[in-house]
Each structure stands twice: as C-alpha cells, then as structure tokens.
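J.: Pasting final.cif here (mmCIF, C-alpha atoms):
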```
data_final
#
loop_
_atom_site.group_PDB
_atom_site.id
_atom_site.type_symbol
_atom_site.label_atom_id
_atom_site.label_comp_id
_atom_site.auth_asym_id
_atom_site.auth_seq_id
_atom_site.Cartn_x
_atom_site.Cartn_y
_atom_site.Cartn_z
ATOM 1 C CA MET A 1 96.555 107.453 83.733
ATOM 2 C CA ILE A 2 93.595 107.539 86.148
ATOM 3 C CA ALA A 3 95.072 104.651 88.153
ATOM 4 C CA ASP A 4 98.396 106.535 88.337
ATOM 5 C CA ALA A 5 96.623 109.639 89.686
ATOM 6 C CA GLY A 6 94.853 107.507 92.321
ATOM 7 C CA ALA A 7 98.130 105.893 93.341
ATOM 8 C CA ALA A 8 99.805 109.315 93.608
ATOM 9 C CA ARG A 9 96.970 110.625 95.799
ATOM 10 C CA LEU A 10 97.197 107.541 98.030
ATOM 11 C CA SER A 11 100.959 108.005 98.315
ATOM 12 C CA ALA A 12 100.548 111.666 99.324
ATOM 13 C CA ARG A 13 97.873 110.770 101.877
ATOM 14 C CA ALA A 14 100.040 107.913 103.151
ATOM 15 C CA GLY A 15 102.874 110.367 103.748
ATOM 16 C CA ASP A 16 100.540 112.604 105.758
ATOM 17 C CA VAL A 17 99.350 109.657 107.860
ATOM 18 C CA LEU A 18 102.923 108.494 108.513
ATOM 19 C CA ARG A 19 103.896 112.003 109.624
ATOM 20 C CA HIS A 20 100.997 112.003 112.060
ATOM 21 C CA VAL A 21 101.512 108.493 113.445
ATOM 22 C CA PHE A 22 105.298 108.721 113.872
ATOM 23 C CA ALA A 23 105.616 112.416 114.813
ATOM 24 C CA ALA A 24 106.417 111.641 118.448
ATOM 25 C CA VAL A 25 109.164 109.112 117.666
ATOM 26 C CA GLN A 26 112.520 110.741 118.410
ATOM 27 C CA ALA A 27 114.835 109.264 115.776
ATOM 28 C CA ASP A 28 116.263 109.934 112.321
ATOM 29 C CA PHE A 29 114.630 107.487 109.904
ATOM 30 C CA ALA A 30 112.494 107.388 106.779
ATOM 31 C CA PHE A 31 109.834 105.482 104.915
ATOM 32 C CA ARG A 32 110.049 104.968 101.157
ATOM 33 C CA LEU A 33 106.666 104.252 99.622
ATOM 34 C CA TRP A 34 105.805 102.012 96.663
ATOM 35 C CA ASP A 35 106.098 104.948 94.240
ATOM 36 C CA GLY A 36 109.494 106.090 95.540
ATOM 37 C CA ALA A 37 108.146 108.923 97.722
ATOM 38 C CA LEU A 38 110.367 109.458 100.769
ATOM 39 C CA VAL A 39 108.877 110.441 104.140
ATOM 40 C CA ARG A 40 111.641 111.535 106.544
ATOM 41 C CA PHE A 41 111.638 111.889 110.319
ATOM 42 C CA GLY A 42 114.152 113.678 112.509
ATOM 43 C CA ALA A 43 116.578 116.450 111.667
ATOM 44 C CA GLY A 44 119.532 114.327 110.614
ATOM 45 C CA ARG A 45 120.333 111.822 107.932
ATOM 46 C CA PRO A 46 118.065 108.748 108.255
ATOM 47 C CA ALA A 47 119.803 105.886 110.051
ATOM 48 C CA PHE A 48 117.480 103.480 108.266
ATOM 49 C CA THR A 49 114.670 103.473 105.734
ATOM 50 C CA VAL A 50 111.588 101.259 105.837
ATOM 51 C CA VAL A 51 110.664 100.390 102.252
ATOM 52 C CA ILE A 52 106.962 99.636 101.764
ATOM 53 C CA HIS A 53 106.485 97.779 98.497
ATOM 54 C CA ALA A 54 102.718 98.027 97.990
ATOM 55 C CA PRO A 55 99.740 100.152 99.039
ATOM 56 C CA ALA A 56 98.004 97.081 100.520
ATOM 57 C CA THR A 57 100.962 96.578 102.857
ATOM 58 C CA PHE A 58 100.767 100.188 103.987
ATOM 59 C CA LEU A 59 97.056 99.856 104.713
ATOM 60 C CA ARG A 60 97.667 96.676 106.714
ATOM 61 C CA LEU A 61 100.406 98.378 108.750
ATOM 62 C CA MET A 62 98.258 101.413 109.488
ATOM 63 C CA ARG A 63 95.259 99.356 110.568
ATOM 64 C CA ASP A 64 97.426 97.955 113.359
ATOM 65 C CA PRO A 65 100.772 99.823 113.707
ATOM 66 C CA THR A 66 102.431 97.437 116.147
ATOM 67 C CA PRO A 67 105.906 95.865 116.192
ATOM 68 C CA LEU A 68 104.290 92.455 115.570
ATOM 69 C CA VAL A 69 102.577 93.587 112.356
ATOM 70 C CA PHE A 70 105.762 95.322 111.141
ATOM 71 C CA GLY A 71 107.766 92.180 111.983
ATOM 72 C CA GLU A 72 105.373 89.954 110.059
ATOM 73 C CA ALA A 73 105.544 92.296 107.066
ATOM 74 C CA TYR A 74 109.362 92.226 107.207
ATOM 75 C CA VAL A 75 109.592 88.442 107.475
ATOM 76 C CA GLY A 76 107.045 88.090 104.663
ATOM 77 C CA GLY A 77 109.017 90.414 102.366
ATOM 78 C CA ALA A 78 106.270 93.039 102.202
ATOM 79 C CA ILE A 79 108.689 95.624 103.629
ATOM 80 C CA ASP A 80 112.463 95.937 103.679
ATOM 81 C CA ILE A 81 114.705 97.795 106.081
ATOM 82 C CA GLU A 82 117.715 99.496 104.551
ATOM 83 C CA GLY A 83 120.453 100.795 106.844
ATOM 84 C CA ASP A 84 121.063 100.379 110.555
ATOM 85 C CA MET A 85 118.962 97.471 111.822
ATOM 86 C CA PHE A 86 119.757 98.317 115.458
ATOM 87 C CA ALA A 87 118.377 101.845 114.996
ATOM 88 C CA ALA A 88 115.272 100.287 113.414
ATOM 89 C CA MET A 89 114.852 98.055 116.467
ATOM 90 C CA HIS A 90 115.065 101.156 118.696
ATOM 91 C CA VAL A 91 112.161 102.705 116.776
ATOM 92 C CA ALA A 92 110.283 99.389 116.947
ATOM 93 C CA ASN A 93 110.642 99.514 120.736
ATOM 94 C CA ALA A 94 109.250 103.066 120.712
ATOM 95 C CA LEU A 95 106.254 101.743 118.754
ATOM 96 C CA GLU A 96 105.326 99.567 121.712
ATOM 97 C CA ASP A 97 104.506 102.770 123.611
ATOM 98 C CA LEU A 98 102.574 104.212 120.671
ATOM 99 C CA ARG A 99 98.872 103.864 121.331
ATOM 100 C CA LEU A 100 96.513 105.645 118.980
ATOM 101 C CA PRO A 101 92.949 105.867 120.265
ATOM 102 C CA LEU A 102 90.454 104.011 118.100
ATOM 103 C CA ALA A 103 88.739 107.231 116.999
ATOM 104 C CA GLN A 104 92.069 108.682 115.865
ATOM 105 C CA ARG A 105 92.991 105.495 113.971
ATOM 106 C CA PHE A 106 89.577 105.580 112.285
ATOM 107 C CA ARG A 107 90.095 109.232 111.214
ATOM 108 C CA LEU A 108 93.527 108.401 109.800
ATOM 109 C CA LEU A 109 92.158 105.451 107.864
ATOM 110 C CA LEU A 110 89.317 107.602 106.528
ATOM 111 C CA ALA A 111 91.913 110.091 105.309
ATOM 112 C CA LEU A 112 93.405 107.310 103.181
ATOM 113 C CA GLY A 113 90.115 106.580 101.462
ATOM 114 C CA PRO A 114 87.626 103.708 101.235
ATOM 115 C CA ALA A 115 90.241 101.014 100.562
ATOM 116 C CA ALA A 116 91.656 101.519 104.051
ATOM 117 C CA LEU A 117 88.336 100.591 105.638
ATOM 118 C CA ARG A 118 87.701 97.406 103.697
ATOM 119 C CA ALA A 119 87.675 94.238 105.746
ATOM 120 C CA ARG A 120 90.721 92.057 105.796
ATOM 121 C CA ARG A 121 90.697 88.877 103.779
ATOM 122 C CA HIS A 122 90.320 85.615 105.640
ATOM 123 C CA ASP A 123 94.081 84.994 105.513
ATOM 124 C CA GLY A 124 94.642 88.260 107.415
ATOM 125 C CA ARG A 125 96.048 90.207 104.486
ATOM 126 C CA ALA A 126 94.669 93.491 103.229
#
```
Rewrite the structure of this file - the entire thing - as structure tokens.
T.:
Amino acid sequence: MIADAGAARLSARAGDVLRHVFAAVQADFAFRLWDGALVRFGAGRPAFTVVIHAPATFLRLMRDPTPLVFGEAYVGGAIDIEGDMFAAMHVANALEDLRLPLAQRFRLLLALGPAALRARRHDGRA
C-alpha cells in the first residue's frame, strides 16, 4: 500500500511537470502514464497519445526532453505512440525549439523527488 501511494504521488507530480514542460506546444495530444493517468494538451481531442510504461522512463525523458531521447525510448519500447504518427512528429519538431534552462530543469526534477536526481546507470538508463 505504501508503494502504491508513492507511485500515485509520482504520477501526480509527473503530470504537473509535463504540463509545465509542454505548455507552450500548440497541439492536441496527451500522455498516458504508467498508472493510467491521462495528461492532455490542447483544447481538442488528442491526435495522439504518448504512453509511458514506467516511472524510470519518465525520469529519463525529463532529464533530457529532446527528440533523440524520445526516439530512443520509442525504438526501445519504453514508450508507445497511439494515434496519428504525423501529428506526433509535428510535436517532436516543436521539441527541438524547446530549451529549458538548467536551473528550471533542476527545479522540475526536484519536484519529482530524489529518484529524479539519481545518476544514470552506466548503460545510460535511469
């Protein structure tokens, strides 16, 4: 039960971080987190949904929210994209212009808790 409460808190914090990081992206899309929580962007029906399967994947993506890291996660099966792949690529292109200052990234990671600040393993995974 305690682990479930921790996972629920991480999911809620993850939703807050996603809302902050992707607020400027002008598109209708969503993220579905490992616990089924849906984080929507835009006013319309999401054209696609990024499914994040595990908290460790989310932490890895937020440490370095670039198209390359998202692409590696997709190819590795750590995330799925449901819906319009072309719309997803449009958002990926918008990510190239997204530059969070280091101090802001650090604050967002702190908001997620200590696990977000742990060093990456040697193989580059969270």
J.: For this file, the PyMOL selection byres ((chain A and resi 61-77) around 8) selects which residues, as a list in words?
T.: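 Selection result, ordered by chain and number: Thr57, Phe58, Leu59, Arg60, Ala78, Ile79, Asp80, Ile81, Ala92, Asn93, Leu95, Glu96, Arg105, Leu109 and Ala116 of chain A.
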J.: Grab the atom CA of A:Ala94 to atom CA of A:Gly42 distance for me, in Å with one decimal place.
T.: 14.3 Å
J.: In Å, rounded to a single decimal, give me how far atom CA of A:Trp34 is from atom CA of A:Pro55.
T.: 6.8 Å
J.: By how many Å are atom CA of A:Asp84 and atom CA of A:Phe48 apart?
T.: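 For atom CA of A:Asp84 relative to atom CA of A:Phe48, the distance reads 5.3 Å.
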J.: May I ask which of the residues A:Ala8, A:Leu33, A:Met85, A:Ala23 is the closest one to A:Ala54, counting only C-alpha atoms?
T.: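 Checking each of A:Ala8, A:Leu33, A:Met85, A:Ala23 against A:Ala54, counting only C-alpha atoms, the winner is A:Leu33.
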J.: Residue by residue, what does the PyMOL selection byres ((chain A and resi 41) around 10) grab here? Present the result as a short mmCIF file (atom, residue, chain, number, x, y, z; two decimals) with C-alpha atoms, in the frame of the given file.
T.:
```cif
data_model
loop_
_atom_site.label_atom_id
_atom_site.label_comp_id
_atom_site.auth_asym_id
_atom_site.auth_seq_id
_atom_site.Cartn_x
_atom_site.Cartn_y
_atom_site.Cartn_z
CA LEU A 18 102.92 108.49 108.51
CA ARG A 19 103.90 112.00 109.62
CA PHE A 22 105.30 108.72 113.87
CA ALA A 23 105.62 112.42 114.81
CA ALA A 24 106.42 111.64 118.45
CA VAL A 25 109.16 109.11 117.67
CA GLN A 26 112.52 110.74 118.41
CA ALA A 27 114.84 109.26 115.78
CA ASP A 28 116.26 109.93 112.32
CA PHE A 29 114.63 107.49 109.90
CA ALA A 30 112.49 107.39 106.78
CA PHE A 31 109.83 105.48 104.92
CA LEU A 38 110.37 109.46 100.77
CA VAL A 39 108.88 110.44 104.14
CA ARG A 40 111.64 111.54 106.54
CA GLY A 42 114.15 113.68 112.51
CA ALA A 43 116.58 116.45 111.67
CA GLY A 44 119.53 114.33 110.61
CA ARG A 45 120.33 111.82 107.93
CA PRO A 46 118.06 108.75 108.26
#
```
J.: Within 9 Å of A:Glu82, counting all atoms listed in the file, which residues qualify if same-chain residues fewer than 4 places away don't, as a short mmCIF file (atom, residue, chain, number, x, y, z; two decimals) with C-alpha atoms, in the frame of the given file?
T.:
```
data_model
loop_
_atom_site.label_atom_id
_atom_site.label_comp_id
_atom_site.auth_asym_id
_atom_site.auth_seq_id
_atom_site.Cartn_x
_atom_site.Cartn_y
_atom_site.Cartn_z
CA ALA A 47 119.80 105.89 110.05
CA PHE A 48 117.48 103.48 108.27
CA THR A 49 114.67 103.47 105.73
CA VAL A 50 111.59 101.26 105.84
CA VAL A 51 110.66 100.39 102.25
#
```
J.: Once 6 Å is added on each side, what are the centre and the three edge lengths, in Å to one decimal, of the axis-aligned box enclosing the listed atoms of stretch 40-48 of chain A? Present them as lines of an AutoDock Vina configuration file.
T.:
```
center_x = 116.0
center_y = 110.0
center_z = 109.5
size_x = 20.7
size_y = 25.0
size_z = 18.0
```
